[in-house]
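Shown here: structure_24.cif, mmCIF, C-alpha atoms.
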```cif
data_structure
loop_
_atom_site.label_atom_id
_atom_site.label_comp_id
_atom_site.auth_asym_id
_atom_site.auth_seq_id
_atom_site.Cartn_x
_atom_site.Cartn_y
_atom_site.Cartn_z
CA MET G 1 84.48 75.62 86.51
CA ASP G 2 82.31 72.62 87.36
CA MET G 3 82.46 72.04 91.05
CA ASN G 4 81.33 68.47 90.56
CA GLU G 5 84.62 67.68 88.91
CA PRO G 6 87.04 65.44 90.74
CA HIS G 7 89.42 67.36 93.04
CA SER G 8 86.97 70.26 93.12
CA ILE G 9 87.23 70.59 96.91
CA GLU G 10 91.03 70.60 96.77
CA ILE G 11 90.93 73.18 94.01
CA THR G 12 88.53 75.37 95.91
CA ASN G 13 90.70 75.11 99.01
CA LEU G 14 93.78 75.96 97.00
CA ILE G 15 92.19 79.09 95.59
CA SER G 16 90.79 80.07 98.97
CA ALA G 17 94.18 79.66 100.63
CA PHE G 18 95.82 81.92 98.06
CA VAL G 19 93.13 84.57 98.36
CA ASP G 20 93.25 84.35 102.15
CA ARG G 21 96.99 85.01 102.10
CA ILE G 22 96.43 88.11 100.02
CA GLU G 23 93.73 89.27 102.39
CA GLN G 24 96.07 88.71 105.29
CA VAL G 25 98.79 90.81 103.68
CA LEU G 26 96.27 93.58 103.06
CA LEU G 27 94.92 93.28 106.57
CA ASN G 28 98.38 93.66 108.02
CA ARG G 29 98.86 96.81 106.01
CA GLY G 30 95.65 98.28 107.38
CA THR G 31 93.80 98.23 104.08
CA PRO G 32 90.13 99.06 104.65
CA ARG G 33 87.74 96.14 104.51
CA ALA G 34 85.89 97.30 101.42
CA GLU G 35 89.15 97.51 99.48
CA ARG G 36 90.33 94.14 100.77
CA THR G 37 87.09 92.54 99.68
CA SER G 38 87.30 94.15 96.28
CA ILE G 39 90.90 93.05 95.70
CA CYS G 40 90.29 89.49 96.86
CA GLN G 41 87.20 89.17 94.68
CA GLU G 42 89.15 90.38 91.67
CA VAL G 43 91.93 87.88 92.29
CA GLU G 44 89.47 85.04 92.70
CA THR G 45 87.65 86.06 89.55
CA GLN G 46 90.91 86.18 87.63
CA ILE G 47 91.87 82.68 88.76
CA HIS G 48 88.52 81.30 87.65
CA MET G 49 88.78 83.09 84.33
CA LEU G 50 92.25 81.70 83.70
CA ILE G 51 91.07 78.21 84.61
CA GLU G 52 88.17 78.58 82.21
CA ARG G 53 90.48 79.70 79.42
CA ARG G 54 92.87 76.81 79.96
CA ILE G 55 90.00 74.35 79.93
CA GLU G 56 88.65 75.86 76.73
CA SER G 57 92.04 75.42 75.15
CA GLY G 58 91.96 71.72 75.96
CA ALA G 59 93.64 71.49 79.35
CA GLU G 60 92.31 69.18 82.00
CA LEU G 61 91.08 70.62 85.26
CA ASN G 62 93.27 69.36 88.06
CA ILE G 63 95.37 70.55 90.97
CA ASP G 64 98.47 71.02 88.82
CA LEU G 65 96.62 73.30 86.45
CA VAL G 66 95.37 75.51 89.27
CA ASN G 67 98.75 75.45 90.98
CA GLY G 68 100.37 76.58 87.75
CA ILE G 69 97.93 79.44 87.39
CA ILE G 70 98.46 80.59 90.95
CA GLU G 71 102.23 80.41 90.55
CA SER G 72 102.00 82.54 87.43
CA MET G 73 100.25 85.29 89.36
CA ASP G 74 101.79 87.92 91.59
CA PRO G 75 102.63 86.60 95.05
CA PRO G 76 100.47 87.76 97.97
CA GLU G 77 103.30 89.90 99.35
CA SER G 78 103.20 92.07 96.24
CA TYR G 79 99.76 93.32 97.23
CA ALA G 80 101.16 95.25 100.15
CA PRO G 81 101.37 98.91 99.15
CA GLU G 82 104.75 100.51 99.54
CA THR G 83 103.25 103.19 101.73
CA PRO G 84 100.54 102.48 104.24
CA PRO G 85 97.19 104.16 103.70
CA THR G 86 97.03 107.72 104.92
CA ALA G 87 93.52 107.43 106.23
CA GLU G 88 92.97 106.95 109.92
CA PRO G 89 92.87 103.27 110.70
CA ILE G 90 89.28 102.22 111.04
CA ILE G 91 90.18 99.48 113.41
CA GLU G 92 92.36 98.89 116.37
CA PRO G 93 94.61 95.97 117.26
CA VAL G 94 92.79 93.28 119.20
CA LEU G 95 94.72 90.09 118.73
CA GLN G 96 96.77 88.58 121.47
CA THR G 97 100.02 87.41 119.95
CA GLY G 98 101.86 86.53 123.11
CA ALA G 99 102.90 83.16 121.72
CA ALA G 100 105.31 84.78 119.29
CA PRO G 101 108.98 85.04 120.26
CA ASP G 102 109.20 88.80 119.84
CA ALA G 103 105.86 90.51 120.21
CA SER G 104 107.34 93.98 119.69
CA LYS G 105 108.27 93.16 116.12
CA GLN G 106 104.95 91.79 115.12
CA PRO G 107 102.84 93.78 112.73
CA GLU G 108 99.74 95.37 114.14
CA MET G 109 96.63 93.42 113.45
CA PRO G 110 93.76 95.77 112.91
CA LYS G 111 90.26 94.90 113.94
CA SER G 112 87.98 94.80 110.95
CA LYS G 113 84.29 95.56 110.79
CA PRO G 114 82.96 92.66 108.78
CA SER G 115 79.45 92.65 107.47
CA VAL G 116 76.82 90.09 108.33
CA VAL G 117 77.35 88.59 104.90
CA ASP G 118 81.04 88.04 105.67
CA THR G 119 80.19 86.37 108.92
CA VAL G 120 77.59 84.12 107.36
CA ARG G 121 80.03 83.20 104.60
CA LYS G 122 82.74 82.31 107.11
CA PHE G 123 80.22 80.35 109.13
CA LEU G 124 79.17 78.36 106.07
CA ASP G 125 82.80 77.80 105.08
CA ARG G 126 83.82 76.49 108.47
CA PRO G 127 84.93 72.88 108.77
CA LYS G 128 81.84 70.74 109.12
CA ARG G 129 81.34 68.36 112.01
CA THR G 130 80.01 64.95 111.33
CA THR G 131 78.00 64.90 114.56
CA PRO G 132 76.28 67.76 116.36
CA SER G 133 78.07 69.07 119.43
CA LEU G 134 76.48 68.88 122.85
CA ASP G 135 76.13 72.67 122.81
CA TRP G 136 73.94 72.62 119.75
CA VAL G 137 71.80 69.79 121.09
CA ALA G 138 71.26 71.81 124.26
CA ILE G 139 70.44 74.98 122.35
CA CYS G 140 67.98 73.27 120.05
CA GLY G 141 66.35 71.52 123.00
CA LEU G 142 66.03 74.78 124.89
CA ALA G 143 64.55 76.56 121.89
CA ALA G 144 62.05 73.76 121.26
CA THR G 145 61.03 73.76 124.91
CA CYS G 146 60.50 77.53 124.97
CA PHE G 147 58.44 77.40 121.81
CA GLY G 148 56.38 74.51 123.13
CA LEU G 149 55.70 76.39 126.37
CA PHE G 150 54.69 79.42 124.35
CA LEU G 151 52.20 77.39 122.32
CA ILE G 152 50.72 75.81 125.41
CA VAL G 153 50.38 79.00 127.40
CA ALA G 154 49.23 81.22 124.55
CA ARG G 155 46.38 79.08 123.38
CA PRO G 156 42.88 80.63 123.66
CA GLY G 157 41.28 80.67 127.06
CA ARG G 158 44.48 81.24 129.04
CA GLY G 159 44.45 85.03 128.98
CA ASP G 160 45.66 86.01 132.47
CA GLY G 161 48.17 83.22 132.71
CA ALA G 162 49.49 84.12 129.28
CA ALA G 163 50.04 87.72 130.32
CA ILE G 164 51.90 86.68 133.43
CA PHE G 165 53.97 84.28 131.38
CA GLY G 166 54.65 87.11 128.95
CA VAL G 167 56.05 89.26 131.72
CA PHE G 168 58.14 86.35 132.88
CA PHE G 169 59.50 85.93 129.37
CA ILE G 170 60.48 89.59 129.19
CA MET G 171 62.31 89.46 132.51
CA ALA G 172 64.01 86.17 131.77
CA GLY G 173 64.91 87.26 128.27
CA VAL G 174 66.42 90.56 129.35
CA THR G 175 68.34 88.95 132.20
CA ALA G 176 69.70 86.14 130.04
CA SER G 177 70.65 88.52 127.29
CA ALA G 178 72.35 90.97 129.64
CA PHE G 179 74.37 88.09 131.04
CA SER G 180 75.22 86.95 127.52
CA PHE G 181 76.38 90.43 126.54
CA TRP G 182 78.51 90.60 129.67
CA ARG G 183 80.15 87.25 128.92
CA ILE G 184 80.94 88.18 125.35
CA ARG G 185 82.24 91.59 126.36
CA HIS G 186 84.73 89.86 128.65
CA ALA G 187 85.72 87.20 126.13
CA ASN G 188 88.71 89.23 124.85
CA GLY G 189 87.40 89.03 121.34
CA LEU G 190 87.40 85.26 121.28
CA LEU G 191 84.06 83.56 120.88
CA THR G 192 85.48 80.14 121.55
CA GLY G 193 83.25 78.53 124.14
CA GLN G 194 80.78 81.41 123.95
CA ARG G 195 78.13 79.73 121.87
CA ILE G 196 75.50 79.75 124.59
CA ALA G 197 76.17 83.43 125.28
CA SER G 198 75.98 84.25 121.58
CA ILE G 199 72.69 82.44 121.22
CA GLY G 200 71.44 84.24 124.31
CA VAL G 201 72.12 87.59 122.70
CA LEU G 202 70.46 86.57 119.46
CA MET G 203 67.47 85.15 121.32
CA LEU G 204 66.67 88.49 122.99
CA PRO G 205 64.52 89.87 120.18
CA PHE G 206 62.68 86.59 119.79
CA LEU G 207 62.02 86.34 123.50
CA LEU G 208 60.65 89.85 123.51
CA VAL G 209 58.44 89.18 120.51
CA ASN G 210 57.13 86.04 122.13
CA ALA G 211 56.41 87.82 125.35
CA LEU G 212 54.65 90.70 123.65
CA LEU G 213 52.58 88.45 121.44
CA ILE G 214 51.37 86.70 124.53
CA ALA G 215 50.60 90.03 126.13
CA ILE G 216 48.72 91.06 122.99
CA LEU G 217 46.54 87.98 123.23
CA PHE G 218 45.59 89.20 126.65
CA ALA G 219 45.15 92.80 125.59
CA THR G 220 42.91 92.10 122.61
CA ARG G 221 40.23 90.87 124.98
CA PHE G 222 39.53 94.53 125.66
CA GLY G 223 38.93 95.37 122.04
CA ILE G 224 41.86 97.71 121.39
CA VAL G 225 42.76 95.97 118.19
CA LEU G 226 43.96 98.99 116.23
CA GLY G 227 46.33 100.17 118.93
CA VAL G 228 47.61 96.69 119.45
CA LEU G 229 48.29 96.21 115.77
CA THR G 230 50.25 99.47 115.69
CA VAL G 231 52.31 98.37 118.66
CA VAL G 232 52.89 94.98 117.08
CA VAL G 233 54.23 96.54 113.89
CA MET G 234 56.52 98.85 115.85
CA LEU G 235 57.76 96.02 118.00
CA ILE G 236 58.43 93.75 115.05
CA TYR G 237 60.41 96.52 113.41
CA SER G 238 62.42 97.28 116.53
CA ASN G 239 63.11 93.56 116.99
CA TYR G 240 64.31 93.34 113.43
CA TYR G 241 66.58 96.32 114.03
CA LEU G 242 67.88 94.86 117.27
CA LEU G 243 68.60 91.55 115.60
CA GLN G 244 70.58 93.25 112.86
CA ARG G 245 72.63 95.16 115.39
CA ALA G 246 73.25 92.03 117.43
CA LEU G 247 74.38 90.12 114.35
CA ARG G 248 76.71 92.90 113.27
CA TRP G 249 78.15 93.23 116.72
CA LEU G 250 78.68 89.50 117.02
CA SER G 251 80.22 89.29 113.58
CA VAL G 252 83.11 91.54 114.64
CA TYR G 253 84.02 89.10 117.36
CA SER G 254 83.56 85.96 115.33
CA VAL G 255 85.72 87.22 112.46
CA ASN G 256 88.40 88.41 114.84
CA THR G 257 88.35 84.97 116.39
CA ALA G 258 88.82 83.34 113.03
CA GLU G 259 91.65 85.73 112.16
CA ALA G 260 93.34 85.19 115.50
CA GLU G 261 93.25 81.45 115.10
CA ARG G 262 94.41 81.71 111.52
CA LEU G 263 97.40 83.84 112.45
CA LYS G 264 98.58 81.78 115.40
CA PRO G 265 101.00 79.54 113.53
CA GLU G 266 102.18 82.35 111.32
CA VAL G 267 103.24 85.07 113.70
CA MET G 268 106.10 82.89 114.88
CA ALA G 269 108.56 84.37 112.43
CA ASP G 270 111.08 86.42 114.40
CA ASN G 271 111.40 89.02 111.68
CA GLY G 272 107.82 90.08 112.24
CA VAL G 273 106.76 89.13 108.75
CA LEU G 274 103.70 86.98 108.46
CA SER G 275 104.24 84.03 106.25
CA GLY G 276 103.21 80.46 105.70
CA VAL G 277 100.10 78.76 104.55
CA VAL G 278 96.83 79.98 105.86
CA ASN G 279 94.69 77.46 107.57
CA MET A 1 119.76 98.27 85.88
CA ASP A 2 117.91 100.13 88.58
CA THR A 3 114.37 100.57 87.34
CA THR A 4 112.92 102.09 90.50
CA TRP A 5 112.49 105.47 88.86
CA LEU A 6 110.69 103.85 85.94
CA SER A 7 108.40 101.99 88.30
CA GLN A 8 107.65 105.21 90.18
CA MET A 9 106.91 107.09 86.98
CA ARG A 10 104.62 104.30 85.83
CA LYS A 11 102.73 104.34 89.08
CA GLY A 12 102.33 108.07 88.84
CA ILE A 13 100.45 107.85 85.59
CA LEU A 14 98.66 104.61 86.29
CA GLU A 15 95.57 106.29 87.67
CA LEU A 16 95.25 108.26 84.48
CA CYS A 17 95.66 105.11 82.39
CA VAL A 18 93.06 103.16 84.36
CA LEU A 19 90.55 105.99 84.13
CA ALA A 20 91.26 106.26 80.41
CA VAL A 21 90.63 102.53 79.90
CA VAL A 22 87.43 102.56 81.90
CA THR A 23 86.07 105.64 80.13
CA ARG A 24 86.08 103.79 76.82
CA GLU A 25 83.63 101.15 78.01
CA GLU A 26 82.41 99.43 81.12
CA THR A 27 84.92 96.73 81.86
CA TYR A 28 86.09 94.29 84.53
CA GLY A 29 89.31 94.10 86.51
CA TYR A 30 91.23 91.45 84.66
CA ALA A 31 90.38 93.03 81.31
CA ILE A 32 91.97 96.26 82.56
CA VAL A 33 95.06 94.30 83.63
CA GLU A 34 95.28 92.71 80.19
CA THR A 35 94.72 95.98 78.35
CA LEU A 36 97.36 97.89 80.29
CA GLY A 37 99.71 94.91 80.31
CA LYS A 38 99.86 95.03 76.53
CA ILE A 39 100.76 98.72 76.39
CA PRO A 40 104.51 99.10 75.85
CA GLY A 41 106.10 100.75 78.84
CA MET A 42 103.24 100.08 81.21
CA GLU A 43 103.45 96.31 81.79
CA VAL A 44 101.52 96.32 85.02
CA THR A 45 100.18 93.27 86.77
CA GLU A 46 97.17 92.48 88.89
CA SER A 47 98.82 93.30 92.20
CA THR A 48 99.13 96.89 91.03
CA ILE A 49 95.80 97.26 89.29
CA TYR A 50 93.38 95.67 91.76
CA PRO A 51 94.41 97.76 94.76
CA LEU A 52 94.22 100.84 92.54
CA LEU A 53 90.72 99.91 91.35
CA ALA A 54 89.65 99.38 94.94
CA ARG A 55 91.05 102.77 95.93
CA LEU A 56 89.42 104.55 93.01
CA CYS A 57 86.11 102.99 93.98
CA SER A 58 86.57 104.08 97.59
CA GLU A 59 87.28 107.61 96.44
CA GLY A 60 84.16 107.60 94.31
CA LEU A 61 86.01 107.97 91.03
CA LEU A 62 84.81 104.61 89.78
CA LYS A 63 81.52 102.87 90.31
CA HIS A 64 80.98 99.19 89.89
CA ARG A 65 78.22 96.65 89.50
CA MET A 66 78.31 92.92 90.00
CA GLU A 67 77.42 90.59 87.17
CA LYS A 68 77.02 86.85 87.44
CA SER A 69 79.68 84.81 85.75
CA PRO A 70 79.04 81.43 84.12
CA SER A 71 81.98 80.13 86.11
CA GLY A 72 83.41 81.30 89.38
CA PRO A 73 82.40 84.33 91.40
CA ALA A 74 80.51 87.32 90.04
CA ARG A 75 82.52 89.87 88.11
CA ARG A 76 82.84 93.52 89.02
CA TYR A 77 82.21 95.77 86.08
CA TYR A 78 83.67 99.25 86.46
CA SER A 79 82.58 102.51 84.93
CA LEU A 80 83.49 106.14 85.48
CA SER A 81 81.51 108.21 87.95
CA THR A 82 80.92 111.91 87.39
CA LEU A 83 83.74 112.62 89.79
CA GLY A 84 85.95 110.16 87.93
CA ASN A 85 85.17 111.84 84.66
CA GLN A 86 86.17 115.17 86.12
CA ARG A 87 89.39 113.68 87.50
CA LEU A 88 90.17 112.16 84.12
CA ASN A 89 89.78 115.56 82.48
CA ASP A 90 92.06 117.17 85.07
CA LEU A 91 94.69 114.45 84.76
CA SER A 92 94.55 114.51 80.96
CA SER A 93 95.06 118.23 80.95
CA ALA A 94 97.97 118.00 83.38
CA TRP A 95 99.47 115.13 81.40
CA GLY A 96 99.28 117.15 78.18
CA THR A 97 101.07 120.05 79.80
CA ILE A 98 103.79 117.83 81.24
CA VAL A 99 104.35 115.97 77.97
CA ASP A 100 104.59 119.24 76.03
CA SER A 101 106.99 120.78 78.51
CA VAL A 102 109.24 117.74 78.82
CA SER A 103 109.21 117.18 75.06
CA SER A 104 110.20 120.79 74.57
CA LEU A 105 113.10 120.41 77.00
CA LEU A 106 114.30 117.24 75.32
CA LEU A 107 114.03 118.86 71.92
CA GLN A 108 116.19 121.76 73.08
CA ARG A 109 118.76 119.27 74.34
CA GLU A 110 118.79 117.38 71.04
CA THR A 111 119.13 120.65 69.14
CA SER A 112 122.08 121.76 71.24
CA ILE A 113 123.79 118.39 70.80
CA ALA A 114 123.27 118.51 67.05
CA SER A 115 124.69 121.99 66.81
#
```
Can the structure in the file be given as structure tokens, please?
Amino acid sequence: MDMNEPHSIEITNLISAFVDRIEQVLLNRGTPRAERTSICQEVETQIHMLIERRIESGAELNIDLVNGIIESMDPPESYAPETPPTAEPIIEPVLQTGAAPDASKQPEMPKSKPSVVDTVRKFLDRPKRTTPSLDWVAICGLAATCFGLFLIVARPGRGDGAAIFGVFFIMAGVTASAFSFWRIRHANGLLTGQRIASIGVLMLPFLLVNALLIAILFATRFGIVLGVLTVVVMLIYSNYYLLQRALRWLSVYSVNTAEAERLKPEVMADNGVLSGVVN
Amino acid sequence: MDTTWLSQMRKGILELCVLAVVTREETYGYAIVETLGKIPGMEVTESTIYPLLARLCSEGLLKHRMEKSPSGPARRYYSLSTLGNQRLNDLSSAWGTIVDSVSSLLLQRETSIAS
């Protein structure tokens, strides 16, 4: 399907909404993430294949065509297995559904463990702003300032000062990151308004690398190049590992946030059945 | 007409059918749906097959690889794992026994009616 076609955005949204509803049904039934992903990918592939076939047979690509295809497929509710999976749930309920009339009847919403790829995909798929928010301006400014300071202090001939600045960076980085972790931990799974804290957590490895590189500049004056190189490699690896863990940890919260927001208008049904169009 | 029993029976043998389709050649999800959908008596749809494929993959009976598609998302191509092959043999054997036994029972019934 050519995404440059007219109505391509509407068509993509239509397909995404259908697949999202299926994923929601599966999520409510406690289907493991890997299986949910697999099922949703299959459904999406099938829709695209059917569109392709219709186009090859002379049909015109438009909303009606895609709507017809989706209507000809099994409804999302039919993806719920008759018996819930026997495996221990890999996730626990985290969503606050107090806005619903009868919370006791609401289905349990399990907490998924999304991958970094899922998180990145959701981030890229989010509604785009036409202008940058004040948060992002502040974050970019802060990052540019830190990097500029690093370049100034770390230039040759500033050895002692650089080392002191390195220590300062470590202390500041650890303190800021600890505070960020604390804020996110107490955010009840909702990252709304936690951008600065999230960035703080993600900045920790970079702050440490910066600090250590500055320290290395100081240390190499004493000719311990080999040892320093070894330490640098180890530190880069551990920073990479830390960054991965931080991303994975953050992704759980961000996806739960998205799911919580997505479910808000839908858990209103008093029979406890989720229904309606997914945002 | 209440067809619940038929649906249950179909589901019971669906795993065997899916494994049998996949063992013939590496194939993708919708092709399996189409193949089984054309078999008289099976008539399954995607909402039955895709969850089953996902479960079989989770259990290690099927393995899959992703292949780029000229249009739309990448396709998952399924093939039997060693474990899946073993399961298929076990299920085939059990199926043969059941079919023989049930056929024998039905034959006895037909014989008694005729006499």
> Residues of chain A within 8 Å of chain G, using all atoms listed in the file, as a PyMOL selection string?
Replying inline: chain A and resi 29-30+45-48+50-51+54-55+58+71-76
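Between CA of Leu61 in chain G and CA of Thr35 in chain A lies a distance of 26.5 Å.
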>> I'd like the interatomic distance between CA of Ile70 in chain G and CA of Val19 in chain G, to a tenth of an Å.
In response: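 Atom-to-atom, CA of Ile70 in chain G to CA of Val19 in chain G, that is 10.0 Å.
Closest approach to Ser16 in chain G from the set G:Ala59, G:Ser72, G:Val66, G:Arg53 is made by G:Val66, with distances taken over only C-alpha atoms.
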> What lies within 9 Å of range 16-21 of chain A using all atoms listed in the file, ignoring chain neighbours under 3 positions off, as a list in words?
Replying inline: Gly12, Ile13, Arg24, Glu25, Glu26, Thr27, Ile32, Thr35, Leu36, Ile49, Leu52, Leu53, Leu61, Leu62, Ser79, Leu80, Gly84, Asn85, Arg87, Leu88, Leu91, Ser92 and Trp95 of chain A
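Between CA of Ile63 in chain G and CA of Asp20 in chain G lies a distance of 17.9 Å.
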